[in-house]
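Taking it in order: structure first as structure tokens, then the write-up.
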Amino acid sequence: MSEETGGPELQPDPEDDLPEQMRIRREKREQLAAQGMEPYAIGLPITTTIAAIRAAHPDLPIDTATGDRVGIAGRVIFSRNTGKLCFATLRAGEGTEIQAMLSLANVGEEQLAAWKDLVDIGDHVFVAGEVITSKRGELSVLADEWRMAAKALRPLPVAHKPLSEETRVRMRYVDLGVRPGAQQMARTRVAVVASIRQSLSSRGYLEIETPMLQTLHGGATARPFVTHSNAFDIDVFLRIAPELFLKRAVAGGLERVFEVNRNFRNEGADRTHSPEFTMLEFYQAYADYQDIATLTRELIQEAALAAFGSLTVTHPDGTELDLSGVWPQVGLYESLSEAIGETITPATERSRLLELCERDGIDVAPTAVNGKLVEELFEHHVISGFTGPTFVMDYPVDTSPLVRGHRTKPGVVEKWDLYVNGAETGTGYSELIDPVIQRERLIEQASLADRGDAEAMHLDEDFLRAMEHGMPPMGGAGVGIDRVLMLLTGQGIRETILFPLVKPEQRQ
RNA sequence: GGGUCGCUAGCUCAAUGGUAGAGCUGCGGACUUUUAAUCCGUAGGUUCGGGGUUCGAGCCCCCGGCGACCCA
């Protein structure tokens with residue numbers, strides 16, 4: 001890095017510019033080593049956990065000595081010094097806390113002085129001693145020995161002021177340590193995903209893994225991320241959906257399959273969208289979109305029970321969301337017609353749809369198909385009226401190239417979208433399995449792509465070949481796991497994702 | 001894509017165009033029972049970056065960066 005000219009004492013010390021608090025902590029790290037203490041210890045003689053101590057001594061009376069000697073580690077989150085007696089609150093990773101007490105009588109002058117000089121909030125420390133309760137009744141470890149486990153060189157943020165949202169997202173490692181809700185979200189996600197896996201597994205579904213690197217992007221209309229395979233010297237796409245591969249699996253006889261994994265869409269990021277997000281997709285041979293709607297509802301209800309023990313969840317803003325019972329279904333065209341006081345059907349003239357969009361100031365791309373116009377109008381007029389979970393039924397054909405035509409209604413397909421609190425949470429189909437119609441639909445999509453629609457699908461001959469070999473009738477759905485977390489917790493997508501993509505900071 | 005708001009000490013935030021402050025944190029000191037300890041003392045700043053207007057800019061103008069919210 002720097003040139004070897006001149007001795008080290010002539011080099012400007014890069015740490016001279018550090019904020020005072022960071023400089024001091026670096027000095028303390030040096031002092032630990034100088035006093036023969038390892039600032040980053042390994043092999044500490046830990047005998048138990050903070051949680052186990054709390055569980056073993058739930059109701060000790062005030063000022064009690066147990067005779068129970070333990071060695072524990074934890075992060076210092078509070079520190080109080082009353083002279084010849086120091087208190088520190090140690091927090092385990094999972095959030096349980098216990099008090100450590102270091103007295104002159106028990107650790108001696110040297111160790112007490114080292115503690116006072118060298119331990120800061122944020123440090124991980126090891127403490128060994130007897131489990132007692134203090135004169136105020138606080139369960140404590142009365143130390144006869146302490147060691148540094150890991151010296152923190154940056155100060156922890158002030159514990160009693162919430163971190164700004166940006167800091168929470170950018171420094172999740174700090175957020176997790178200081179805000180119990182951050183860990184709760186991570187644990188809720190695990191509970192939800194585990195529940196969904198269990199629910200599907202118990203219904204005979206196989207969890208399979210399909211490609212994330214795809215030579216054609218398909219299964220949804222979205223802009224993909226593009227990367228390059230050096231080995232094959234071809235561009236490949238990060239998948240926008242696993243749908244076409246899951247259907248291939250069903251075609252091969254894996255009649256109930258699902259996948260929970262990441263999708264990537266090269267589009268905007270906001271409160272409800274993340275460039276990478278976790279999608280559940282599941283497909284079941286001989287099911288239709290009503291069967292799949294029922295299963296989707298059950299998956300979410302079972303997940304709510306697993307994560308919160310209730311079908312009614314309360315959000316931080318106080319609103320309650322009731323997920324119980326059977327969820328209502330409303331027709332897309334019917335609800336739109338009612339909302340604008342004019343009958344809209346798949347046969348409504350394009351010119352009229354354009355007029356209606358114009359009237360409402362809805363910007364539509366020139367390439368937008370009629371169905372897209374209807375969906376835009378629907379989103380503009382109807383969605384905000386939904387409160388609880390609602391299935392919107394029967395979508396336009398031209399925006400749904402992978403869905404089979406409705407068995408009785410002309411011009412629409414057997415597709416639903418699930419809306420909860422105004423956010424699209426999932427979609428389900430009676431899948432199109434007629435390879436001739438599928439080819440026509442995909443050719444139409446390909447022509448849209450040729451005309452500049454970057455979201456349109458491309459012709460996937462291998463997928464068609466699979467269908468031509470015979471694909472059983474099936475229903476399938478995609479459910480956004482992050483969206484499910486959002487509806488259960490009432491928080492934005494960036495809080496449901498542990499480490500969401502953020503723009504790099506300019507400096508450092 | 002458009003609009004509005006924000007970015008100031010380690011953290012959370014103040015500051016009519018006129019000497020950049022507070023709380024917590026830190027540092028020094030006192031205290032053997034504290035719970036966001038208390039008390040005394042004290043340090044800490046490229047006000048996101050660049051340019052402009054002005055005698056003078058954290059504040060006004062322009063460009064850029066990052067973020068939040070609203071809209072289409």
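For the structure tokens, the naming scheme is as follows: chains receive sequential letters (A, B, ...) according to their order of presentation, residues are indexed from 1 within each chain, and ligands are indexed from 1 in presentation order.
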What residues in chain A lie within 8 Å of chain B, counting only C-alpha atoms (C1' of nucleotides), written as number ranges by chain? A: 19-22, 80-85, 87, 103-104, 134-136, 154-163, 166, 361-363, 503, 505-506
Excluding A14 (chain B) and its own-chain neighbours fewer than 5 positions away, which residues fall within 12 Å of it when counting only C-alpha atoms (C1' of nucleotides)? Please give them as a ChimeraX atom specification. /B:8,20-23,58
Written selection (all heavy atoms) as a compact mmCIF listing (two decimals), in the first residue's frame:
# COMPACT_ATOMS: atom_id res chain seq x y z
P U B 8 -26.59 13.95 9.45
OP1 U B 8 -25.39 13.11 9.42
OP2 U B 8 -27.67 13.63 10.40
O5' U B 8 -26.15 15.45 9.71
C5' U B 8 -24.92 15.92 9.18
C4' U B 8 -24.37 17.01 10.04
O4' U B 8 -25.31 18.12 10.11
C3' U B 8 -24.18 16.63 11.50
O3' U B 8 -22.99 15.90 11.70
C2' U B 8 -24.17 18.00 12.17
O2' U B 8 -22.97 18.68 11.90
C1' U B 8 -25.30 18.70 11.39
N1 U B 8 -26.62 18.50 12.01
C2 U B 8 -26.92 19.27 13.13
O2 U B 8 -26.14 20.06 13.61
N3 U B 8 -28.16 19.04 13.65
C4 U B 8 -29.11 18.17 13.20
O4 U B 8 -30.18 18.08 13.78
C5 U B 8 -28.72 17.41 12.04
C6 U B 8 -27.52 17.60 11.50
P A B 20 -19.05 29.70 14.47
OP1 A B 20 -17.84 28.86 14.70
OP2 A B 20 -19.33 30.30 13.16
O5' A B 20 -20.36 28.86 14.86
C5' A B 20 -20.35 28.08 16.00
C4' A B 20 -21.68 27.42 16.16
O4' A B 20 -22.04 26.74 14.92
C3' A B 20 -21.68 26.33 17.23
O3' A B 20 -22.13 26.89 18.44
C2' A B 20 -22.66 25.30 16.70
O2' A B 20 -23.99 25.61 17.07
C1' A B 20 -22.53 25.46 15.18
N9 A B 20 -21.66 24.52 14.51
C8 A B 20 -20.33 24.69 14.21
N7 A B 20 -19.81 23.69 13.54
C5 A B 20 -20.87 22.82 13.38
C6 A B 20 -20.96 21.58 12.75
N6 A B 20 -19.96 20.99 12.12
N1 A B 20 -22.17 20.96 12.79
C2 A B 20 -23.18 21.56 13.41
N3 A B 20 -23.21 22.73 14.03
C4 A B 20 -22.01 23.31 13.97
P G B 21 -21.33 26.74 19.75
OP1 G B 21 -20.94 28.11 20.11
OP2 G B 21 -20.29 25.69 19.60
O5' G B 21 -22.40 26.30 20.84
C5' G B 21 -22.51 24.97 21.22
C4' G B 21 -23.96 24.69 21.51
O4' G B 21 -24.69 24.58 20.26
C3' G B 21 -24.20 23.37 22.22
O3' G B 21 -24.03 23.49 23.61
C2' G B 21 -25.63 23.05 21.82
O2' G B 21 -26.53 23.84 22.57
C1' G B 21 -25.65 23.55 20.37
N9 G B 21 -25.28 22.48 19.44
C8 G B 21 -24.10 22.33 18.75
N7 G B 21 -24.08 21.27 17.98
C5 G B 21 -25.32 20.69 18.18
C6 G B 21 -25.88 19.53 17.63
O6 G B 21 -25.38 18.74 16.81
N1 G B 21 -27.17 19.29 18.10
C2 G B 21 -27.82 20.08 19.00
N2 G B 21 -29.04 19.69 19.36
N3 G B 21 -27.30 21.18 19.54
C4 G B 21 -26.07 21.42 19.07
P A B 22 -23.72 22.18 24.48
OP1 A B 22 -23.37 22.63 25.84
OP2 A B 22 -22.80 21.31 23.71
O5' A B 22 -25.14 21.47 24.54
C5' A B 22 -26.23 22.11 25.20
C4' A B 22 -27.45 21.21 25.16
O4' A B 22 -27.87 21.02 23.78
C3' A B 22 -27.23 19.80 25.69
O3' A B 22 -27.33 19.76 27.09
C2' A B 22 -28.36 19.03 24.99
O2' A B 22 -29.60 19.29 25.63
C1' A B 22 -28.38 19.71 23.62
N9 A B 22 -27.57 19.00 22.61
C8 A B 22 -26.31 19.33 22.20
N7 A B 22 -25.84 18.54 21.25
C5 A B 22 -26.87 17.65 21.03
C6 A B 22 -27.00 16.56 20.14
N6 A B 22 -26.06 16.20 19.29
N1 A B 22 -28.16 15.86 20.17
C2 A B 22 -29.11 16.22 21.03
N3 A B 22 -29.11 17.23 21.91
C4 A B 22 -27.94 17.92 21.86
P G B 23 -26.56 18.62 27.89
OP1 G B 23 -26.69 18.96 29.32
OP2 G B 23 -25.21 18.45 27.28
O5' G B 23 -27.38 17.30 27.58
C5' G B 23 -28.68 17.13 28.12
C4' G B 23 -29.29 15.85 27.59
O4' G B 23 -29.47 15.98 26.17
C3' G B 23 -28.41 14.62 27.75
O3' G B 23 -28.50 14.05 29.04
C2' G B 23 -28.96 13.71 26.66
O2' G B 23 -30.19 13.13 27.06
C1' G B 23 -29.24 14.73 25.54
N9 G B 23 -28.07 14.87 24.65
C8 G B 23 -27.09 15.81 24.71
N7 G B 23 -26.19 15.67 23.78
C5 G B 23 -26.60 14.56 23.06
C6 G B 23 -26.04 13.93 21.93
O6 G B 23 -25.00 14.23 21.33
N1 G B 23 -26.78 12.82 21.53
C2 G B 23 -27.94 12.40 22.14
N2 G B 23 -28.51 11.32 21.61
N3 G B 23 -28.49 12.98 23.18
C4 G B 23 -27.77 14.05 23.58
P G B 58 -21.82 27.68 6.93
OP1 G B 58 -21.83 28.57 8.11
OP2 G B 58 -20.52 27.19 6.39
O5' G B 58 -22.70 26.40 7.28
C5' G B 58 -22.74 25.32 6.37
C4' G B 58 -24.02 24.55 6.53
O4' G B 58 -24.30 24.42 7.95
C3' G B 58 -25.26 25.27 5.97
O3' G B 58 -25.43 24.99 4.61
C2' G B 58 -26.38 24.69 6.82
O2' G B 58 -26.76 23.41 6.35
C1' G B 58 -25.68 24.51 8.18
N9 G B 58 -25.93 25.64 9.09
C8 G B 58 -25.02 26.57 9.53
N7 G B 58 -25.53 27.45 10.35
C5 G B 58 -26.86 27.07 10.46
C6 G B 58 -27.91 27.65 11.20
O6 G B 58 -27.89 28.63 11.95
N1 G B 58 -29.11 26.96 11.01
C2 G B 58 -29.26 25.84 10.22
N2 G B 58 -30.48 25.32 10.16
N3 G B 58 -28.27 25.30 9.51
C4 G B 58 -27.12 25.96 9.69
Within 8 Å of region 297-303 of chain A, counting only C-alpha atoms (C1' of nucleotides), which residues show up once you throw out same-chain ones fewer than 3 positions away? Write them as a ChimeraX atom specification, please. /A:191-193,195-196,199-200,293-294,306-307,311,323-324,326-327,484
Write out as a PyMOL selection string which residues come within 12 Å of C69 (chain B) when counting only C-alpha atoms (C1' of nucleotides), dropping same-chain ones fewer than 5 positions away. (chain A and resi 270-271) or (chain B and resi 3-6)
Store the residues picked out above in a file with all heavy atoms, as a compact mmCIF listing (two decimals), in the first residue's frame.
# COMPACT_ATOMS: atom_id res chain seq x y z
N ASP A 270 -38.95 -0.42 -3.68
CA ASP A 270 -39.71 0.50 -2.83
C ASP A 270 -40.22 -0.28 -1.63
O ASP A 270 -39.71 -1.35 -1.31
CB ASP A 270 -40.84 1.18 -3.62
CG ASP A 270 -41.82 0.17 -4.22
OD1 ASP A 270 -41.97 -0.92 -3.64
OD2 ASP A 270 -42.41 0.48 -5.26
N ARG A 271 -41.25 0.26 -0.99
CA ARG A 271 -41.72 -0.36 0.24
C ARG A 271 -42.23 -1.78 0.03
O ARG A 271 -42.29 -2.58 0.98
CB ARG A 271 -42.82 0.51 0.85
CG ARG A 271 -43.15 0.14 2.27
CD ARG A 271 -44.16 1.06 2.90
NE ARG A 271 -44.68 0.48 4.13
CZ ARG A 271 -44.03 0.45 5.26
NH1 ARG A 271 -42.85 1.01 5.35
NH2 ARG A 271 -44.55 -0.12 6.34
P G B 3 -39.87 17.11 -10.60
OP1 G B 3 -39.62 18.50 -11.05
OP2 G B 3 -38.74 16.21 -10.31
O5' G B 3 -40.81 17.17 -9.31
C5' G B 3 -41.97 17.99 -9.30
C4' G B 3 -42.78 17.75 -8.07
O4' G B 3 -43.12 16.33 -7.99
C3' G B 3 -42.08 18.01 -6.74
O3' G B 3 -42.07 19.38 -6.40
C2' G B 3 -42.90 17.16 -5.77
O2' G B 3 -44.11 17.79 -5.45
C1' G B 3 -43.20 15.92 -6.63
N9 G B 3 -42.22 14.84 -6.39
C8 G B 3 -41.20 14.45 -7.22
N7 G B 3 -40.51 13.44 -6.73
C5 G B 3 -41.13 13.17 -5.51
C6 G B 3 -40.83 12.20 -4.52
O6 G B 3 -39.94 11.34 -4.53
N1 G B 3 -41.70 12.28 -3.43
C2 G B 3 -42.72 13.19 -3.32
N2 G B 3 -43.45 13.12 -2.21
N3 G B 3 -43.01 14.10 -4.24
C4 G B 3 -42.18 14.03 -5.29
P U B 4 -40.89 19.97 -5.44
OP1 U B 4 -41.04 21.44 -5.40
OP2 U B 4 -39.61 19.36 -5.87
O5' U B 4 -41.27 19.39 -4.01
C5' U B 4 -42.46 19.84 -3.34
C4' U B 4 -42.65 19.06 -2.06
O4' U B 4 -42.80 17.65 -2.38
C3' U B 4 -41.48 19.09 -1.09
O3' U B 4 -41.44 20.27 -0.31
C2' U B 4 -41.73 17.83 -0.27
O2' U B 4 -42.76 18.03 0.67
C1' U B 4 -42.23 16.86 -1.34
N1 U B 4 -41.13 16.06 -1.91
C2 U B 4 -40.71 14.95 -1.18
O2 U B 4 -41.18 14.65 -0.11
N3 U B 4 -39.70 14.24 -1.76
C4 U B 4 -39.06 14.50 -2.96
O4 U B 4 -38.16 13.76 -3.35
C5 U B 4 -39.55 15.65 -3.66
C6 U B 4 -40.55 16.37 -3.12
P C B 5 -40.01 20.82 0.16
OP1 C B 5 -40.28 22.13 0.82
OP2 C B 5 -39.06 20.71 -0.95
O5' C B 5 -39.57 19.78 1.30
C5' C B 5 -40.33 19.66 2.49
C4' C B 5 -39.89 18.44 3.28
O4' C B 5 -40.05 17.25 2.45
C3' C B 5 -38.43 18.38 3.69
O3' C B 5 -38.14 19.18 4.82
C2' C B 5 -38.24 16.89 3.94
O2' C B 5 -38.82 16.52 5.17
C1' C B 5 -39.07 16.29 2.81
N1 C B 5 -38.23 16.00 1.63
C2 C B 5 -37.48 14.82 1.64
O2 C B 5 -37.55 14.08 2.64
N3 C B 5 -36.71 14.51 0.58
C4 C B 5 -36.66 15.33 -0.48
N4 C B 5 -35.89 14.99 -1.50
C5 C B 5 -37.42 16.54 -0.52
C6 C B 5 -38.18 16.84 0.55
P G B 6 -36.67 19.81 4.95
OP1 G B 6 -36.71 20.68 6.14
OP2 G B 6 -36.21 20.34 3.65
O5' G B 6 -35.75 18.54 5.29
C5' G B 6 -35.88 17.89 6.53
C4' G B 6 -35.16 16.57 6.52
O4' G B 6 -35.50 15.83 5.32
C3' G B 6 -33.64 16.62 6.46
O3' G B 6 -33.08 16.90 7.72
C2' G B 6 -33.30 15.21 5.97
O2' G B 6 -33.40 14.29 7.03
C1' G B 6 -34.45 14.95 4.99
N9 G B 6 -34.06 15.12 3.58
C8 G B 6 -34.48 16.11 2.71
N7 G B 6 -33.98 15.95 1.51
C5 G B 6 -33.19 14.80 1.60
C6 G B 6 -32.40 14.14 0.62
O6 G B 6 -32.24 14.44 -0.56
N1 G B 6 -31.76 13.03 1.15
C2 G B 6 -31.88 12.60 2.45
N2 G B 6 -31.19 11.51 2.78
N3 G B 6 -32.61 13.20 3.37
C4 G B 6 -33.24 14.29 2.87
Grab the CA of Ser274 (chain A) to CA of Gly218 (chain A) distance for me, in Å with one decimal place.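 If I compute the distance from CA of Ser274 (chain A) to CA of Gly218 (chain A), I get 18.7 Å.
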Select from region 322-351 of chain A everything DSSP, run on the backbone, classes as strand (DSSP E), then give the selection as number ranges by chain. A: 322, 329-331
Give me a file of those residues, with N, CA, C and O atoms, as a CSV table (one decimal), in the first residue's frame.
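Okay, this is what ended up in result27.csv:
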chain,number,residue,atom,x,y,z
A,322,ASP,N,-57.4,-9.7,10.3
A,322,ASP,CA,-58.0,-10.9,10.6
A,322,ASP,C,-57.9,-11.9,9.4
A,322,ASP,O,-58.4,-11.6,8.3
A,329,GLN,N,-63.9,-13.8,-2.6
A,329,GLN,CA,-63.5,-13.8,-3.9
A,329,GLN,C,-64.3,-12.7,-4.7
A,329,GLN,O,-65.5,-12.7,-4.6
A,330,VAL,N,-63.7,-11.9,-5.4
A,330,VAL,CA,-64.4,-10.9,-6.3
A,330,VAL,C,-63.9,-11.0,-7.7
A,330,VAL,O,-62.7,-11.3,-7.9
A,331,GLY,N,-64.8,-10.8,-8.6
A,331,GLY,CA,-64.4,-10.9,-10.0
A,331,GLY,C,-63.6,-9.6,-10.4
A,331,GLY,O,-64.0,-8.5,-10.0
Apply DSSP to the structure's backbone, then extract all residues of region 249-488 of chain A labelled helix (DSSP H, G or I) and return them as an MDAnalysis selection string. chainID A and resid 249:251 289:308 332:340 350:359 370:381 383:385 397:399 435:450 461:468 481:488
Considering only C-alpha atoms (C1' of nucleotides), return as a PyMOL selection string whatever protein or nucleic-acid residues lie within 12 Å of C61 (chain B), sequence-local ones (same chain, fewer than 4 positions apart) excluded. chain B and resi 51-54+57
Write out the residues from the selection above, keeping N, CA and C atoms (P, O5', C5', C4', C3', O3' and C1' of nucleotides), as a CSV table (one decimal), in the first residue's frame.
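Result file follows (selection.csv):
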chain,number,residue,atom,x,y,z
B,51,G,P,-15.6,23.4,-4.8
B,51,G,O5',-16.7,24.2,-5.7
B,51,G,C5',-16.4,24.6,-7.0
B,51,G,C4',-17.7,25.1,-7.7
B,51,G,C3',-18.2,26.5,-7.3
B,51,G,O3',-17.4,27.5,-7.9
B,51,G,C1',-20.0,25.0,-7.4
B,52,G,P,-17.2,28.9,-7.1
B,52,G,O5',-18.7,29.5,-7.2
B,52,G,C5',-19.2,30.0,-8.4
B,52,G,C4',-20.6,30.4,-8.3
B,52,G,C3',-20.9,31.6,-7.4
B,52,G,O3',-20.7,32.8,-8.1
B,52,G,C1',-22.5,29.9,-6.9
B,53,U,P,-20.3,34.1,-7.3
B,53,U,O5',-21.6,34.5,-6.6
B,53,U,C5',-22.7,35.0,-7.4
B,53,U,C4',-23.9,35.3,-6.5
B,53,U,C3',-23.6,36.3,-5.4
B,53,U,O3',-23.6,37.6,-5.8
B,53,U,C1',-24.8,34.4,-4.5
B,54,U,P,-22.4,38.6,-5.3
B,54,U,O5',-22.6,38.7,-3.8
B,54,U,C5',-23.8,39.2,-3.3
B,54,U,C4',-23.9,39.1,-1.8
B,54,U,C3',-22.6,39.5,-1.0
B,54,U,O3',-22.6,40.9,-0.8
B,54,U,C1',-23.3,37.4,-0.2
B,57,A,P,-19.9,32.6,3.7
B,57,A,O5',-21.3,32.3,4.4
B,57,A,C5',-21.4,31.9,5.7
B,57,A,C4',-22.4,30.8,5.8
B,57,A,C3',-22.0,29.5,5.0
B,57,A,O3',-22.6,28.4,5.7
B,57,A,C1',-24.0,30.3,4.1
For region 110-112 of chain A: contacts at 10 Å, only C-alpha atoms (C1' of nucleotides), fewer than 2 positions along chain excluded, given as a list in words: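 My reading of the contact set: Gly83, Lys84, Leu85, Cys86, Leu102, Ser103, Leu104, Ala105, Asn106, Val107, Gly108, Ala114, Trp115, Lys116, Asp117, Leu118, Asp144, Glu145, Trp146 and Arg147 of chain A.
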I'd like to know which of A:Asp120, A:Asp482, A:Glu414, A:Asp394 is closest to Leu280 (chain A), using only C-alpha atoms.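 Of the candidates, the smallest distance to Leu280 (chain A) is held by A:Asp482.
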Identify, on the basis of only C-alpha atoms (C1' of nucleotides), every residue whose closest approach to region 173-180 of chain A does not exceed 10 Å; exclude the query and any residue fewer than 2 positions from it along the same chain; express the result as a VMD selection string. chain A and resid 75 77 91 to 95 122 156 to 160 162 to 165 167 to 171 182 to 186 498 to 499
Distance CA of Leu32 (chain A)-CA of Val76 (chain A), one decimal place?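 According to the coordinates, CA of Leu32 (chain A) and CA of Val76 (chain A) are separated by 16.6 Å.
The two atoms in question, CA of Ala222 (chain A) and CA of Thr188 (chain A), are spaced 28.6 Å apart.
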